[in-house]
Amino acid sequence: MARLLPRSFYLDSPDVVARRLLGKLITRRIDNQKLSGRIVEIEAYLGLDDPAAHSYNGKTARNAVLFGPPGFAYVYFIYGMYYCLNVSCQPDGHAGGVLIRALEPVEGLETMARLRHLPASAKPQLLTSGPGRLCQALDITRAAHNGLDVTSRTSPLQILDDGFEPDLIRSSPRIGIRKAVEHPLRFVIEGNAFVSG
DNA sequence: GGAGCGATGTCCT
DNA sequence: GGACATCGCTCCG
């Protein structure tokens with residue numbers, strides 16, 4: 001039986017939490033249906049010390065969740081079309097978070113395909129490989145999910161540990177950023193077919 | 001299969 | 001007004 005990750009899981013620095021989240025299950029409850037996917041790619045954003053992080057220039061209305069307590073969803077809108085899902089890390093008052101970049105779909109693939117406007121026969125890699133894609137596949141939006149507690153028993157968006165352990169984790173530079181491009185803060189499960197890029 | 005590029009809303013300077 | 005933690009399409013080989 002999968003165990004809901006507690007708030008203490010997210011209390012550490014984003015690079016530590018990012019590694020630790022690889023292989024964990026994200027579950028999205030929509031009415032009576034459950035969608036789930038395993039985290040296979042993730043990036044760390046370090047807060048005030050990280051020029052690539054949304055929190056770098058201080059707290060604003062948009063990024064306030066990153067400065068709050070750990071274990072809350074930070075969902076933002078990007079390029080006029082897509083949402084991206086992060087989870088806040090570090091104690092209340094300290095900015096930091098992790099960006100979920102790719103999932104291996106586990107449950108509800110037909111619904112994911114429909115939400116992605118793809119035929120049911122579409123390759124599963126097209127469902128949740130990429131931060132914008134996975135939000136569309138799980139119907140995650142800023143209006144509905146920003147600021148949500150992912151450690152709550154009643155949350156429609158949770159992260160669980162089902163005992164899976166990645167064989168090998170590889171780090172590399174983060175994707176799609178223009179500042180602080182050199183830091184190896186992207187983490188993937190080595191060899192997993194659902195990693196993006 | 002890879003490079004180039006347009007779509008498109010929100011936030012901050 | 002510009003930048004943006006993206007994606008999917010076109011065009012070319």
# chains A, B, ... in the order shown; residues from 1 in each chain; ligands from 1
$ interface_residues --of "chain A" --to "chain B" --cutoff "10 Å" --atoms "only C-alpha atoms (C1' of nucleotides)" --output "list of chain:residue names"
A:Asn57, A:Thr60, A:Ala61, A:Arg62, A:Tyr76, A:Phe77, A:Ile78, A:Tyr79, A:Gly80, A:Met81, A:Tyr82
$ closest_atom_pairs --of "chain A" --to "chain C" --cutoff "12 Å" --atoms "only C-alpha atoms (C1' of nucleotides)" --output "tab-separated table"
residue	atom	partner	partner_atom	distance
A:Ile42	CA	C:DA5	C1'	10.8
A:Glu43	CA	C:DA5	C1'	8.7
A:Ala44	CA	C:DA5	C1'	9.9
A:Tyr45	CA	C:DA5	C1'	8.9
A:Pro51	CA	C:DA5	C1'	11.5
A:Ala52	CA	C:DA5	C1'	7.8
A:Ala53	CA	C:DA5	C1'	7.8
A:His54	CA	C:DA5	C1'	8.3
A:Ser55	CA	C:DA5	C1'	11.7
A:Val75	CA	C:DA5	C1'	11.3
A:Tyr76	CA	C:DA5	C1'	9.7
A:Phe77	CA	C:DC4	C1'	9.5
A:Ile78	CA	C:DC4	C1'	6.4
A:Tyr79	CA	C:DC4	C1'	6.2
A:Gly80	CA	C:DC4	C1'	9.2
A:Met81	CA	C:DT6	C1'	8.1
A:Tyr82	CA	C:DT6	C1'	6.8
A:Tyr83	CA	C:DT6	C1'	8.9
A:Cys84	CA	C:DA5	C1'	8.0
A:Leu85	CA	C:DA5	C1'	9.9
A:Asn86	CA	C:DA5	C1'	9.8
A:Gly97	CA	C:DA5	C1'	11.3
A:Val98	CA	C:DA5	C1'	10.0
A:Leu99	CA	C:DA5	C1'	7.4
A:Ile100	CA	C:DA5	C1'	9.9
A:Arg101	CA	C:DA5	C1'	9.2
A:Arg116	CA	C:DC7	C1'	11.7
A:Leu126	CA	C:DC7	C1'	10.9
A:Ser129	CA	C:DC7	C1'	11.1
A:Gly130	CA	C:DT6	C1'	8.2
A:Pro131	CA	C:DT6	C1'	7.8
A:Gly132	CA	C:DT6	C1'	6.2
A:Arg133	CA	C:DC7	C1'	8.1
A:Leu134	CA	C:DT6	C1'	11.5
A:Cys135	CA	C:DT6	C1'	11.5
A:Gln136	CA	C:DC7	C1'	11.5
A:Arg174	CA	C:DA5	C1'	8.3
A:Ile175	CA	C:DA5	C1'	7.3
A:Gly176	CA	C:DA5	C1'	6.2
A:Ile177	CA	C:DA5	C1'	6.1
A:Arg178	CA	C:DA5	C1'	9.5
A:Lys179	CA	C:DA5	C1'	10.5
A:Ala180	CA	C:DA5	C1'	11.8
A:Val181	CA	C:DA5	C1'	11.2
A:Leu185	CA	C:DA5	C1'	11.9
A:Arg186	CA	C:DA5	C1'	11.0
A:Ser196	CA	C:DT6	C1'	11.7
A:Gly197	CA	C:DT6	C1'	11.6
$ select_by_dssp --residues "region 59-175 of chain A" --states "alpha helix (DSSP H)" --output "ChimeraX atom specification"
/A:64-67,109-115,125-128,131-137,142-145
$ write_last_selection --atoms "N, CA and C atoms" --output "compact mmCIF listing (two decimals), in the first residue's frame"
# COMPACT_ATOMS: atom_id res chain seq x y z
N ALA A 64 4.55 33.43 -4.13
CA ALA A 64 4.45 33.41 -2.66
C ALA A 64 4.52 31.99 -2.08
N VAL A 65 3.97 31.03 -2.81
CA VAL A 65 3.95 29.66 -2.29
C VAL A 65 5.36 29.14 -2.03
N LEU A 66 6.31 29.56 -2.87
CA LEU A 66 7.70 29.08 -2.72
C LEU A 66 8.32 29.57 -1.41
N PHE A 67 7.80 30.67 -0.87
CA PHE A 67 8.33 31.23 0.38
C PHE A 67 7.59 30.70 1.59
N LEU A 109 -4.45 6.16 -18.23
CA LEU A 109 -3.83 6.64 -19.47
C LEU A 109 -4.85 7.11 -20.51
N GLU A 110 -6.01 6.48 -20.54
CA GLU A 110 -7.02 6.91 -21.52
C GLU A 110 -7.52 8.31 -21.22
N THR A 111 -7.73 8.58 -19.94
CA THR A 111 -8.17 9.92 -19.55
C THR A 111 -7.08 10.95 -19.82
N MET A 112 -5.85 10.57 -19.55
CA MET A 112 -4.73 11.48 -19.83
C MET A 112 -4.69 11.83 -21.32
N ALA A 113 -4.87 10.84 -22.17
CA ALA A 113 -4.85 11.08 -23.61
C ALA A 113 -5.97 12.05 -24.01
N ARG A 114 -7.14 11.84 -23.43
CA ARG A 114 -8.27 12.72 -23.75
C ARG A 114 -7.97 14.15 -23.31
N LEU A 115 -7.43 14.32 -22.11
CA LEU A 115 -7.11 15.65 -21.61
C LEU A 115 -6.03 16.32 -22.47
N GLN A 125 4.52 8.10 -24.26
CA GLN A 125 5.54 9.12 -24.03
C GLN A 125 5.00 10.54 -24.26
N LEU A 126 3.95 10.64 -25.10
CA LEU A 126 3.40 11.97 -25.39
C LEU A 126 2.50 12.46 -24.28
N LEU A 127 2.15 11.61 -23.33
CA LEU A 127 1.18 11.99 -22.31
C LEU A 127 1.79 12.88 -21.22
N THR A 128 2.90 12.46 -20.64
CA THR A 128 3.40 13.12 -19.42
C THR A 128 4.90 13.37 -19.44
N PRO A 131 7.06 19.17 -18.63
CA PRO A 131 6.32 19.83 -17.54
C PRO A 131 4.95 20.37 -17.96
N GLY A 132 4.85 20.89 -19.19
CA GLY A 132 3.56 21.37 -19.68
C GLY A 132 2.62 20.22 -19.99
N ARG A 133 3.18 19.19 -20.59
CA ARG A 133 2.38 18.02 -20.94
C ARG A 133 1.77 17.35 -19.72
N LEU A 134 2.56 17.15 -18.68
CA LEU A 134 2.04 16.41 -17.53
C LEU A 134 0.94 17.19 -16.81
N CYS A 135 1.04 18.50 -16.81
CA CYS A 135 -0.04 19.30 -16.20
C CYS A 135 -1.32 19.18 -17.01
N GLN A 136 -1.19 19.16 -18.32
CA GLN A 136 -2.38 18.99 -19.16
C GLN A 136 -2.97 17.60 -18.96
N ALA A 137 -2.12 16.58 -18.90
CA ALA A 137 -2.59 15.20 -18.75
C ALA A 137 -3.27 14.96 -17.41
N ARG A 142 -3.37 26.58 -12.52
CA ARG A 142 -3.03 27.51 -11.44
C ARG A 142 -4.25 27.83 -10.59
N ALA A 143 -5.38 28.10 -11.26
CA ALA A 143 -6.58 28.50 -10.53
C ALA A 143 -7.03 27.42 -9.56
N ALA A 144 -6.93 26.17 -9.98
CA ALA A 144 -7.45 25.08 -9.16
C ALA A 144 -6.43 24.52 -8.18
N HIS A 145 -5.16 24.62 -8.48
CA HIS A 145 -4.17 23.83 -7.72
C HIS A 145 -3.03 24.62 -7.09
$ residues_around --residues "region 6-17 of chain A" --least-positions-apart "2" --cutoff "10 Å" --atoms "only C-alpha atoms (C1' of nucleotides)" --output "PyMOL selection string"
chain A and resi 3-4+19-22+42-47+69-72+87-92+94-99+149-152+159-160+184-187
$ select_by_dssp --residues "region 82-116 of chain A" --states "strand (DSSP E or B)" --output "list in words"
Tyr82, Tyr83, Cys84, Leu85, Asn86, Val87, Ser88, Gly97, Val98, Leu99, Ile100, Arg101, Ala102, Leu103, Glu104, Pro105, Val106 and Glu107 of chain A
$ atom_distance --atom1 "CA of Leu5 (chain A)" --atom2 "CA of Gln158 (chain A)"
8.2 Å
